[in-house]
>>> print(open('protein18.txt').read())   # compact mmCIF, C-alpha atoms
# COMPACT_ATOMS: atom_id res chain seq x y z
CA MET A 20 9.98 -25.69 -12.67
CA ASP A 21 6.72 -27.55 -13.05
CA PHE A 22 3.56 -26.51 -11.23
CA ASN A 23 1.08 -28.40 -13.39
CA GLY A 24 -1.81 -29.57 -11.25
CA LYS A 25 -0.95 -27.10 -8.48
CA VAL A 26 -2.87 -24.08 -7.22
CA ALA A 27 -0.87 -21.02 -6.20
CA PHE A 28 -2.15 -18.13 -4.07
CA VAL A 29 -0.25 -14.83 -4.32
CA THR A 30 -1.08 -11.81 -2.16
CA GLY A 31 -0.46 -8.41 -3.72
CA GLY A 32 -0.21 -10.29 -6.99
CA ALA A 33 -1.16 -7.60 -9.50
CA SER A 34 1.95 -5.42 -9.49
CA GLY A 35 5.70 -5.51 -8.94
CA ILE A 36 7.21 -8.69 -7.54
CA GLY A 37 3.75 -10.13 -6.92
CA GLU A 38 2.77 -9.67 -10.56
CA ALA A 39 5.98 -11.36 -11.70
CA ALA A 40 5.27 -14.27 -9.35
CA THR A 41 1.66 -14.57 -10.51
CA ARG A 42 2.78 -14.64 -14.12
CA GLY A 43 5.61 -17.06 -13.32
CA PHE A 44 3.38 -19.56 -11.55
CA ALA A 45 0.90 -19.43 -14.43
CA LYS A 46 3.61 -19.99 -17.03
CA ALA A 47 4.83 -22.97 -15.00
CA GLY A 48 1.38 -24.55 -15.20
CA ALA A 49 -0.27 -23.54 -11.94
CA LYS A 50 -3.77 -22.22 -11.53
CA VAL A 51 -3.27 -18.90 -9.76
CA ALA A 52 -5.47 -16.96 -7.38
CA PHE A 53 -4.02 -13.54 -6.62
CA THR A 54 -5.17 -10.65 -4.49
CA TYR A 55 -5.03 -6.93 -5.04
CA ILE A 56 -6.33 -3.94 -3.14
CA SER A 57 -6.00 -0.89 -5.42
CA SER A 58 -4.55 -2.19 -8.71
CA GLY A 59 -7.89 -3.18 -10.19
CA ALA A 60 -7.06 -2.40 -13.82
CA GLU A 61 -3.74 -4.21 -13.59
CA ALA A 62 -5.38 -7.20 -11.90
CA ASN A 63 -8.04 -7.54 -14.57
CA ALA A 64 -5.47 -7.20 -17.35
CA LEU A 65 -3.25 -9.86 -15.78
CA GLU A 66 -6.16 -12.25 -15.30
CA GLN A 67 -7.13 -11.83 -18.95
CA GLU A 68 -3.53 -12.18 -20.13
CA ILE A 69 -3.15 -15.50 -18.34
CA ALA A 70 -6.48 -16.75 -19.70
CA ALA A 71 -5.49 -15.72 -23.23
CA THR A 72 -2.41 -17.94 -23.04
CA GLY A 73 -4.39 -20.97 -21.88
CA GLY A 74 -3.87 -20.54 -18.15
CA GLN A 75 -6.32 -20.11 -15.30
CA ALA A 76 -6.22 -17.17 -12.91
CA LEU A 77 -8.56 -15.49 -10.45
CA ALA A 78 -8.13 -11.89 -9.34
CA ILE A 79 -9.55 -11.26 -5.85
CA LYS A 80 -9.90 -7.82 -4.29
CA ALA A 81 -8.92 -8.20 -0.64
CA ASP A 82 -7.24 -6.26 2.16
CA MET A 83 -4.96 -8.89 3.64
CA THR A 84 -4.79 -7.07 6.98
CA ARG A 85 -8.50 -7.81 7.52
CA GLU A 86 -9.33 -11.23 8.91
CA ASP A 87 -12.71 -11.46 7.19
CA GLU A 88 -11.30 -10.51 3.79
CA VAL A 89 -8.44 -13.03 4.07
CA THR A 90 -10.94 -15.76 4.91
CA ALA A 91 -13.12 -14.75 1.98
CA ALA A 92 -10.17 -14.64 -0.42
CA PHE A 93 -9.10 -18.19 0.40
CA ALA A 94 -12.69 -19.38 0.17
CA ALA A 95 -12.92 -17.85 -3.31
CA ALA A 96 -9.72 -19.58 -4.39
CA VAL A 97 -10.92 -22.96 -3.12
CA ARG A 98 -14.29 -22.52 -4.81
CA ALA A 99 -12.59 -21.74 -8.10
CA PHE A 100 -9.75 -24.26 -8.03
CA GLY A 101 -10.53 -26.82 -5.33
CA THR A 102 -7.55 -26.24 -3.02
CA VAL A 103 -4.40 -24.21 -2.41
CA ASP A 104 -0.97 -25.85 -2.71
CA VAL A 105 1.43 -22.90 -2.72
CA VAL A 106 1.24 -19.48 -1.07
CA PHE A 107 3.41 -16.38 -1.57
CA THR A 108 2.73 -13.70 1.05
CA ASN A 109 3.90 -10.77 -1.04
CA ALA A 110 1.48 -8.07 0.19
CA GLY A 111 3.08 -5.37 2.35
CA GLY A 112 5.22 -2.28 2.14
CA ILE A 113 6.41 0.87 3.83
CA LEU A 114 3.96 3.68 4.61
CA GLN A 115 6.43 6.52 5.03
CA ARG A 116 10.01 7.28 6.00
CA VAL A 117 10.39 8.95 9.37
CA GLY A 118 12.97 8.85 12.15
CA THR A 119 12.21 7.29 15.52
CA ALA A 120 11.97 10.61 17.39
CA ASP A 121 9.31 11.84 14.98
CA SER A 122 7.48 8.54 14.51
CA THR A 123 4.17 7.62 16.09
CA LEU A 124 2.73 4.51 17.69
CA ASP A 125 0.04 4.59 15.03
CA LEU A 126 2.64 4.36 12.25
CA TRP A 127 4.36 1.42 13.91
CA GLU A 128 1.06 -0.38 14.47
CA ARG A 129 -0.12 0.19 10.89
CA THR A 130 3.26 -0.96 9.53
CA PHE A 131 3.13 -4.16 11.56
CA ASP A 132 -0.46 -4.71 10.47
CA LEU A 133 0.51 -4.24 6.83
CA ASN A 134 3.54 -6.54 6.91
CA VAL A 135 3.38 -8.89 9.89
CA MET A 136 -0.31 -9.37 10.57
CA SER A 137 -1.12 -9.78 6.88
CA THR A 138 1.54 -12.49 6.71
CA TYR A 139 0.17 -14.20 9.80
CA LEU A 140 -3.44 -14.10 8.60
CA THR A 141 -2.47 -15.43 5.17
CA CYS A 142 -0.32 -18.22 6.59
CA ARG A 143 -3.01 -19.18 9.10
CA ALA A 144 -5.57 -19.56 6.33
CA ALA A 145 -3.10 -21.51 4.20
CA ALA A 146 -2.13 -23.80 7.09
CA ALA A 147 -5.77 -24.75 7.68
CA ILE A 148 -5.91 -26.10 4.13
CA MET A 149 -2.43 -27.59 3.94
CA VAL A 150 -2.36 -29.38 7.30
CA GLU A 151 -5.48 -31.30 6.34
CA LYS A 152 -3.86 -32.68 3.18
CA LYS A 153 -0.34 -33.00 4.67
CA SER A 154 1.41 -30.99 1.96
CA GLY A 155 2.12 -27.46 0.82
CA ALA A 156 4.71 -24.72 0.47
CA ILE A 157 4.65 -21.16 1.78
CA VAL A 158 7.03 -18.37 0.78
CA THR A 159 7.05 -15.16 2.84
CA MET A 160 8.30 -11.72 1.88
CA SER A 161 10.96 -10.13 4.06
CA SER A 162 13.61 -7.58 3.02
CA LEU A 163 17.30 -6.72 3.13
CA ALA A 164 16.14 -4.17 5.71
CA ALA A 165 15.50 -7.05 8.10
CA MET A 166 19.19 -7.94 7.91
CA ASN A 167 20.79 -4.49 8.05
CA GLY A 168 18.26 -2.41 10.00
CA GLY A 169 16.96 -0.52 6.98
CA GLY A 170 17.74 2.81 5.41
CA PRO A 171 17.07 6.29 6.79
CA GLY A 172 13.64 6.61 8.36
CA ALA A 173 12.73 2.97 7.81
CA LEU A 174 13.32 1.35 11.19
CA HIS A 175 9.62 0.55 11.64
CA TYR A 176 9.63 -1.19 8.26
CA ALA A 177 12.89 -3.04 9.01
CA ALA A 178 11.58 -4.25 12.36
CA SER A 179 8.40 -5.58 10.76
CA LYS A 180 10.39 -7.42 8.11
CA GLY A 181 12.68 -8.84 10.79
CA ALA A 182 9.63 -10.20 12.56
CA ILE A 183 8.71 -12.03 9.35
CA VAL A 184 12.12 -13.76 9.33
CA THR A 185 11.48 -15.06 12.84
CA TYR A 186 7.90 -16.01 12.00
CA THR A 187 9.10 -17.93 8.95
CA ARG A 188 11.55 -19.98 11.01
CA GLY A 189 9.00 -20.73 13.72
CA LEU A 190 6.25 -21.63 11.29
CA ALA A 191 8.61 -23.96 9.43
CA LYS A 192 9.21 -25.88 12.66
CA GLU A 193 5.51 -26.01 13.44
CA LEU A 194 4.32 -27.09 10.00
CA GLY A 195 7.21 -29.29 8.90
CA PRO A 196 5.82 -32.44 10.55
CA HIS A 197 2.68 -31.91 8.47
CA GLY A 198 4.63 -32.00 5.20
CA ILE A 199 4.57 -28.23 4.72
CA ARG A 200 7.66 -26.17 3.94
CA VAL A 201 7.98 -22.48 4.85
CA ASN A 202 10.71 -20.23 3.46
CA GLY A 203 11.14 -16.54 2.78
CA VAL A 204 12.83 -14.14 0.40
CA ALA A 205 14.60 -10.93 1.40
CA PRO A 206 15.09 -8.66 -1.63
CA GLY A 207 17.38 -5.67 -1.76
CA LEU A 208 16.99 -2.88 -4.31
CA ILE A 209 14.54 -4.05 -6.97
CA ALA A 210 13.43 -2.00 -9.99
CA THR A 211 9.75 -1.69 -9.07
CA ARG A 212 7.37 1.16 -8.32
CA PHE A 213 7.91 0.51 -4.61
CA HIS A 214 11.57 1.53 -4.76
CA VAL A 215 10.90 4.42 -7.13
CA GLN A 216 8.37 5.79 -4.64
CA PHE A 217 10.40 5.38 -1.47
CA ASN A 218 13.96 5.99 -2.72
CA THR A 219 15.49 8.95 -4.52
CA PRO A 220 17.28 8.43 -7.85
CA GLU A 221 20.51 9.44 -6.10
CA GLY A 222 19.92 6.93 -3.33
CA ARG A 223 19.24 4.12 -5.78
CA LYS A 224 22.38 5.01 -7.76
CA ALA A 225 24.44 4.91 -4.57
CA VAL A 226 23.13 1.44 -3.73
CA VAL A 227 23.92 0.15 -7.22
CA GLU A 228 27.47 1.52 -6.94
CA GLN A 229 27.89 -0.46 -3.69
CA THR A 230 26.42 -3.62 -5.17
CA PRO A 231 28.99 -6.12 -6.50
CA LEU A 232 26.77 -7.02 -9.48
CA ARG A 233 26.34 -3.28 -10.23
CA ARG A 234 22.62 -3.30 -11.02
CA GLU A 235 19.19 -3.24 -9.48
CA GLY A 236 17.35 -6.51 -9.31
CA THR A 237 14.21 -7.14 -11.32
CA ALA A 238 10.83 -8.38 -10.18
CA GLU A 239 11.50 -11.48 -12.27
CA ASP A 240 14.75 -12.13 -10.39
CA VAL A 241 12.79 -12.35 -7.15
CA ALA A 242 9.89 -14.28 -8.68
CA ASN A 243 12.32 -16.92 -9.96
CA LEU A 244 13.58 -17.43 -6.42
CA VAL A 245 10.03 -17.61 -5.07
CA LEU A 246 9.10 -20.26 -7.63
CA PHE A 247 12.20 -22.30 -6.79
CA LEU A 248 11.48 -22.23 -3.05
CA ALA A 249 7.87 -23.22 -3.71
CA SER A 250 8.82 -26.03 -6.07
CA ASP A 251 9.66 -29.67 -5.47
CA GLN A 252 13.26 -28.80 -6.38
CA ALA A 253 13.51 -27.20 -2.93
CA SER A 254 11.89 -30.14 -1.16
CA PHE A 255 14.56 -30.30 1.59
CA ILE A 256 14.72 -26.57 2.28
CA THR A 257 12.60 -25.04 5.03
CA GLY A 258 12.89 -22.26 7.59
CA GLU A 259 15.27 -20.22 5.43
CA THR A 260 14.98 -16.59 4.38
CA VAL A 261 17.09 -16.21 1.26
CA GLN A 262 18.64 -12.84 0.49
CA ILE A 263 18.51 -11.65 -3.12
CA ASN A 264 20.32 -8.35 -3.52
CA GLY A 265 23.19 -8.69 -5.99
CA GLY A 266 25.66 -8.82 -3.10
CA THR A 267 24.60 -5.57 -1.40
CA GLY A 268 24.20 -7.46 1.85
CA LEU A 269 27.89 -8.41 1.85
CA TYR A 270 28.82 -4.96 3.14
>>> encode(input="protein18.txt", output="structure tokens")
Amino acid sequence: MDFNGKVAFVTGGASGIGEAATRGFAKAGAKVAFTYISSGAEANALEQEIAATGGQALAIKADMTREDEVTAAFAAAVRAFGTVDVVFTNAGGILQRVGTADSTLDLWERTFDLNVMSTYLTCRAAAAIMVEKKSGAIVTMSSLAAMNGGGPGALHYAASKGAIVTYTRGLAKELGPHGIRVNGVAPGLIATRFHVQFNTPEGRKAVVEQTPLRREGTAEDVANLVLFLASDQASFITGETVQINGGTGLY
């Protein structure tokens, strides 16, 4: 896939799937602006790595749940690279596992802020740039949890990721007439720090045993799908959230 002459913007782009996407866009020729919130050392190392191989990257510290910081992050990207052509709304996560009876309104609100509102704020900022030039591609981050309701204690997370599926479809309809495509990815079990932190080794093994391809996915597996959906090769695909889980979702 060729992203020469394009500018990509990746949220949460210094670790895990976001890091793989940042690196993938850069290798494909894009200039890449990527945000981070706590992975400062990783962000600086990635920025330098891309520069050392002849690419251009900009690491931006930003909390993508904060309207002012999202605005500032996009402004920094435009100052550095002139525009934004492609956006991957990777930032998000799960705060804790807890059953409904023991959950709190605060947890639900913070989870929706982290996953849904960050996606909305990022897409709003991207749309303001892309509508003006009548082109662009956005890829959102959902989850297998959106399709199956999530694992134990993760209903708040699953509901937030389900909201992103709906948002992706609606935004695709809204922005399509402006030449902008919007799709999403919904990963299953991926070998990243996220799944190590929020799943037990036994739980991960059980998922692999129920997965037809009998392995965890990699961050690069997901990044490859993100790049495809953002590329001209997917020019007639919009409004879709593509599952990537090795077949786990078949059960």
>>> closest_residue(input="protein18.txt", among="A:Ser254, A:Asn243, A:Thr230, A:Thr84", to="Phe44 of chain A", atoms="only C-alpha atoms")
A:Asn243
>>> atom_distance(input="protein18.txt", atom1="atom CA of Val241 of chain A", atom2="atom CA of Val29 of chain A")
13.6 Å
>>> atom_distance(input="protein18.txt", atom1="atom CA of Val26 of chain A", atom2="atom CA of Val97 of chain A")
9.1 Å
>>> residues_around(input="protein18.txt", residues="Ala95 of chain A", least_positions_apart="3", cutoff="9 Å", atoms="all atoms listed in the file", output="PDB file with C-alpha atoms, in the coordinates of the input")
ATOM      1  CA  ALA A  52      -5.470 -16.960  -7.380  1.00  0.00           C
ATOM      2  CA  LEU A  77      -8.560 -15.490 -10.450  1.00  0.00           C
ATOM      3  CA  ILE A  79      -9.550 -11.260  -5.850  1.00  0.00           C
ATOM      4  CA  THR A  90     -10.940 -15.760   4.910  1.00  0.00           C
ATOM      5  CA  ALA A  91     -13.120 -14.750   1.980  1.00  0.00           C
ATOM      6  CA  ALA A  92     -10.170 -14.640  -0.420  1.00  0.00           C
ATOM      7  CA  ARG A  98     -14.290 -22.520  -4.810  1.00  0.00           C
ATOM      8  CA  ALA A  99     -12.590 -21.740  -8.100  1.00  0.00           C
ATOM      9  CA  PHE A 100      -9.750 -24.260  -8.030  1.00  0.00           C
TER      10      PHE A 100
END
>>> atom_distance(input="protein18.txt", atom1="atom CA of Leu163 of chain A", atom2="atom CA of Gln262 of chain A")
6.8 Å
>>> residues_around(input="protein18.txt", residues="segment 144-152 of chain A", least_positions_apart="4", cutoff="12 Å", atoms="only C-alpha atoms", output="PyMOL selection string")
chain A and resi 26-30+83+86-94+96-97+101-108+137-140+156-158+190-191+193-201
>>> write_last_selection(input="protein18.txt", atoms="C-alpha atoms", output="compact mmCIF listing (two decimals), in the coordinates of the input")
# COMPACT_ATOMS: atom_id res chain seq x y z
CA VAL A 26 -2.87 -24.08 -7.22
CA ALA A 27 -0.87 -21.02 -6.20
CA PHE A 28 -2.15 -18.13 -4.07
CA VAL A 29 -0.25 -14.83 -4.32
CA THR A 30 -1.08 -11.81 -2.16
CA MET A 83 -4.96 -8.89 3.64
CA GLU A 86 -9.33 -11.23 8.91
CA ASP A 87 -12.71 -11.46 7.19
CA GLU A 88 -11.30 -10.51 3.79
CA VAL A 89 -8.44 -13.03 4.07
CA THR A 90 -10.94 -15.76 4.91
CA ALA A 91 -13.12 -14.75 1.98
CA ALA A 92 -10.17 -14.64 -0.42
CA PHE A 93 -9.10 -18.19 0.40
CA ALA A 94 -12.69 -19.38 0.17
CA ALA A 96 -9.72 -19.58 -4.39
CA VAL A 97 -10.92 -22.96 -3.12
CA GLY A 101 -10.53 -26.82 -5.33
CA THR A 102 -7.55 -26.24 -3.02
CA VAL A 103 -4.40 -24.21 -2.41
CA ASP A 104 -0.97 -25.85 -2.71
CA VAL A 105 1.43 -22.90 -2.72
CA VAL A 106 1.24 -19.48 -1.07
CA PHE A 107 3.41 -16.38 -1.57
CA THR A 108 2.73 -13.70 1.05
CA SER A 137 -1.12 -9.78 6.88
CA THR A 138 1.54 -12.49 6.71
CA TYR A 139 0.17 -14.20 9.80
CA LEU A 140 -3.44 -14.10 8.60
CA ALA A 156 4.71 -24.72 0.47
CA ILE A 157 4.65 -21.16 1.78
CA VAL A 158 7.03 -18.37 0.78
CA LEU A 190 6.25 -21.63 11.29
CA ALA A 191 8.61 -23.96 9.43
CA GLU A 193 5.51 -26.01 13.44
CA LEU A 194 4.32 -27.09 10.00
CA GLY A 195 7.21 -29.29 8.90
CA PRO A 196 5.82 -32.44 10.55
CA HIS A 197 2.68 -31.91 8.47
CA GLY A 198 4.63 -32.00 5.20
CA ILE A 199 4.57 -28.23 4.72
CA ARG A 200 7.66 -26.17 3.94
CA VAL A 201 7.98 -22.48 4.85
>>> residues_around(input="protein18.txt", residues="segment 205-207 of chain A", least_positions_apart="2", cutoff="8 Å", atoms="only C-alpha atoms", output="ChimeraX atom specification")
/A:160-165,203,209,236,241,260-265,267-268
>>> closest_residue(input="protein18.txt", among="A:Asn23, A:Gln252, A:Ser154, A:Thr41", to="Glu239 of chain A", atoms="only C-alpha atoms")
A:Thr41
>>> closest_residue(input="protein18.txt", among="A:Thr257, A:Thr123, A:Gln115, A:Ser58", to="Thr159 of chain A", atoms="all atoms listed in the file")
A:Thr257
>>> residues_around(input="protein18.txt", residues="Tyr55 of chain A", least_positions_apart="6", cutoff="9 Å", atoms="all atoms listed in the file", output="list in words")
Thr30, Gly31, Gly32, Ala33, Ser34, Ala62, Ala78, Ile79, Lys80, Ala81, Asp82, Met83 and Ala110 of chain A
>>> build_atoms(input="protein18.txt", residues="segment 130-148 of chain A", atoms="N, CA and C atoms", output="PDB file, in the coordinates of the input")
ATOM      1  N   THR A 130       2.203  -0.268  10.278  1.00  0.00           N
ATOM      2  CA  THR A 130       3.260  -0.960   9.530  1.00  0.00           C
ATOM      3  C   THR A 130       3.286  -2.444   9.877  1.00  0.00           C
ATOM      4  N   PHE A 131       3.156  -2.755  11.158  1.00  0.00           N
ATOM      5  CA  PHE A 131       3.130  -4.160  11.560  1.00  0.00           C
ATOM      6  C   PHE A 131       1.859  -4.857  11.072  1.00  0.00           C
ATOM      7  N   ASP A 132       0.743  -4.137  11.050  1.00  0.00           N
ATOM      8  CA  ASP A 132      -0.460  -4.710  10.470  1.00  0.00           C
ATOM      9  C   ASP A 132      -0.242  -5.043   8.998  1.00  0.00           C
ATOM     10  N   LEU A 133       0.321  -4.093   8.260  1.00  0.00           N
ATOM     11  CA  LEU A 133       0.510  -4.240   6.830  1.00  0.00           C
ATOM     12  C   LEU A 133       1.443  -5.398   6.489  1.00  0.00           C
ATOM     13  N   ASN A 134       2.525  -5.543   7.244  1.00  0.00           N
ATOM     14  CA  ASN A 134       3.540  -6.540   6.910  1.00  0.00           C
ATOM     15  C   ASN A 134       3.430  -7.827   7.731  1.00  0.00           C
ATOM     16  N   VAL A 135       3.336  -7.704   9.032  1.00  0.00           N
ATOM     17  CA  VAL A 135       3.380  -8.890   9.890  1.00  0.00           C
ATOM     18  C   VAL A 135       2.014  -9.560  10.016  1.00  0.00           C
ATOM     19  N   MET A 136       0.996  -8.765  10.355  1.00  0.00           N
ATOM     20  CA  MET A 136      -0.310  -9.370  10.570  1.00  0.00           C
ATOM     21  C   MET A 136      -0.907  -9.906   9.277  1.00  0.00           C
ATOM     22  N   SER A 137      -0.641  -9.238   8.155  1.00  0.00           N
ATOM     23  CA  SER A 137      -1.120  -9.780   6.880  1.00  0.00           C
ATOM     24  C   SER A 137      -0.456 -11.114   6.573  1.00  0.00           C
ATOM     25  N   THR A 138       0.825 -11.222   6.899  1.00  0.00           N
ATOM     26  CA  THR A 138       1.540 -12.490   6.710  1.00  0.00           C
ATOM     27  C   THR A 138       0.963 -13.577   7.601  1.00  0.00           C
ATOM     28  N   TYR A 139       0.752 -13.231   8.868  1.00  0.00           N
ATOM     29  CA  TYR A 139       0.170 -14.200   9.800  1.00  0.00           C
ATOM     30  C   TYR A 139      -1.207 -14.668   9.349  1.00  0.00           C
ATOM     31  N   LEU A 140      -2.080 -13.729   8.990  1.00  0.00           N
ATOM     32  CA  LEU A 140      -3.440 -14.100   8.600  1.00  0.00           C
ATOM     33  C   LEU A 140      -3.439 -14.975   7.346  1.00  0.00           C
ATOM     34  N   THR A 141      -2.574 -14.632   6.399  1.00  0.00           N
ATOM     35  CA  THR A 141      -2.470 -15.430   5.170  1.00  0.00           C
ATOM     36  C   THR A 141      -1.954 -16.822   5.468  1.00  0.00           C
ATOM     37  N   CYS A 142      -0.898 -16.909   6.272  1.00  0.00           N
ATOM     38  CA  CYS A 142      -0.320 -18.220   6.590  1.00  0.00           C
ATOM     39  C   CYS A 142      -1.276 -19.068   7.423  1.00  0.00           C
ATOM     40  N   ARG A 143      -2.023 -18.427   8.305  1.00  0.00           N
ATOM     41  CA  ARG A 143      -3.010 -19.180   9.100  1.00  0.00           C
ATOM     42  C   ARG A 143      -4.058 -19.812   8.200  1.00  0.00           C
ATOM     43  N   ALA A 144      -4.562 -19.021   7.252  1.00  0.00           N
ATOM     44  CA  ALA A 144      -5.570 -19.560   6.330  1.00  0.00           C
ATOM     45  C   ALA A 144      -4.990 -20.664   5.462  1.00  0.00           C
ATOM     46  N   ALA A 145      -3.743 -20.478   5.021  1.00  0.00           N
ATOM     47  CA  ALA A 145      -3.100 -21.510   4.200  1.00  0.00           C
ATOM     48  C   ALA A 145      -2.870 -22.779   5.002  1.00  0.00           C
ATOM     49  N   ALA A 146      -2.429 -22.631   6.251  1.00  0.00           N
ATOM     50  CA  ALA A 146      -2.130 -23.800   7.090  1.00  0.00           C
ATOM     51  C   ALA A 146      -3.375 -24.643   7.312  1.00  0.00           C
ATOM     52  N   ALA A 147      -4.528 -23.997   7.458  1.00  0.00           N
ATOM     53  CA  ALA A 147      -5.770 -24.750   7.680  1.00  0.00           C
ATOM     54  C   ALA A 147      -6.067 -25.689   6.521  1.00  0.00           C
ATOM     55  N   ILE A 148      -5.701 -25.264   5.316  1.00  0.00           N
ATOM     56  CA  ILE A 148      -5.910 -26.100   4.130  1.00  0.00           C
ATOM     57  C   ILE A 148      -4.816 -27.150   4.009  1.00  0.00           C
TER      58      ILE A 148
END
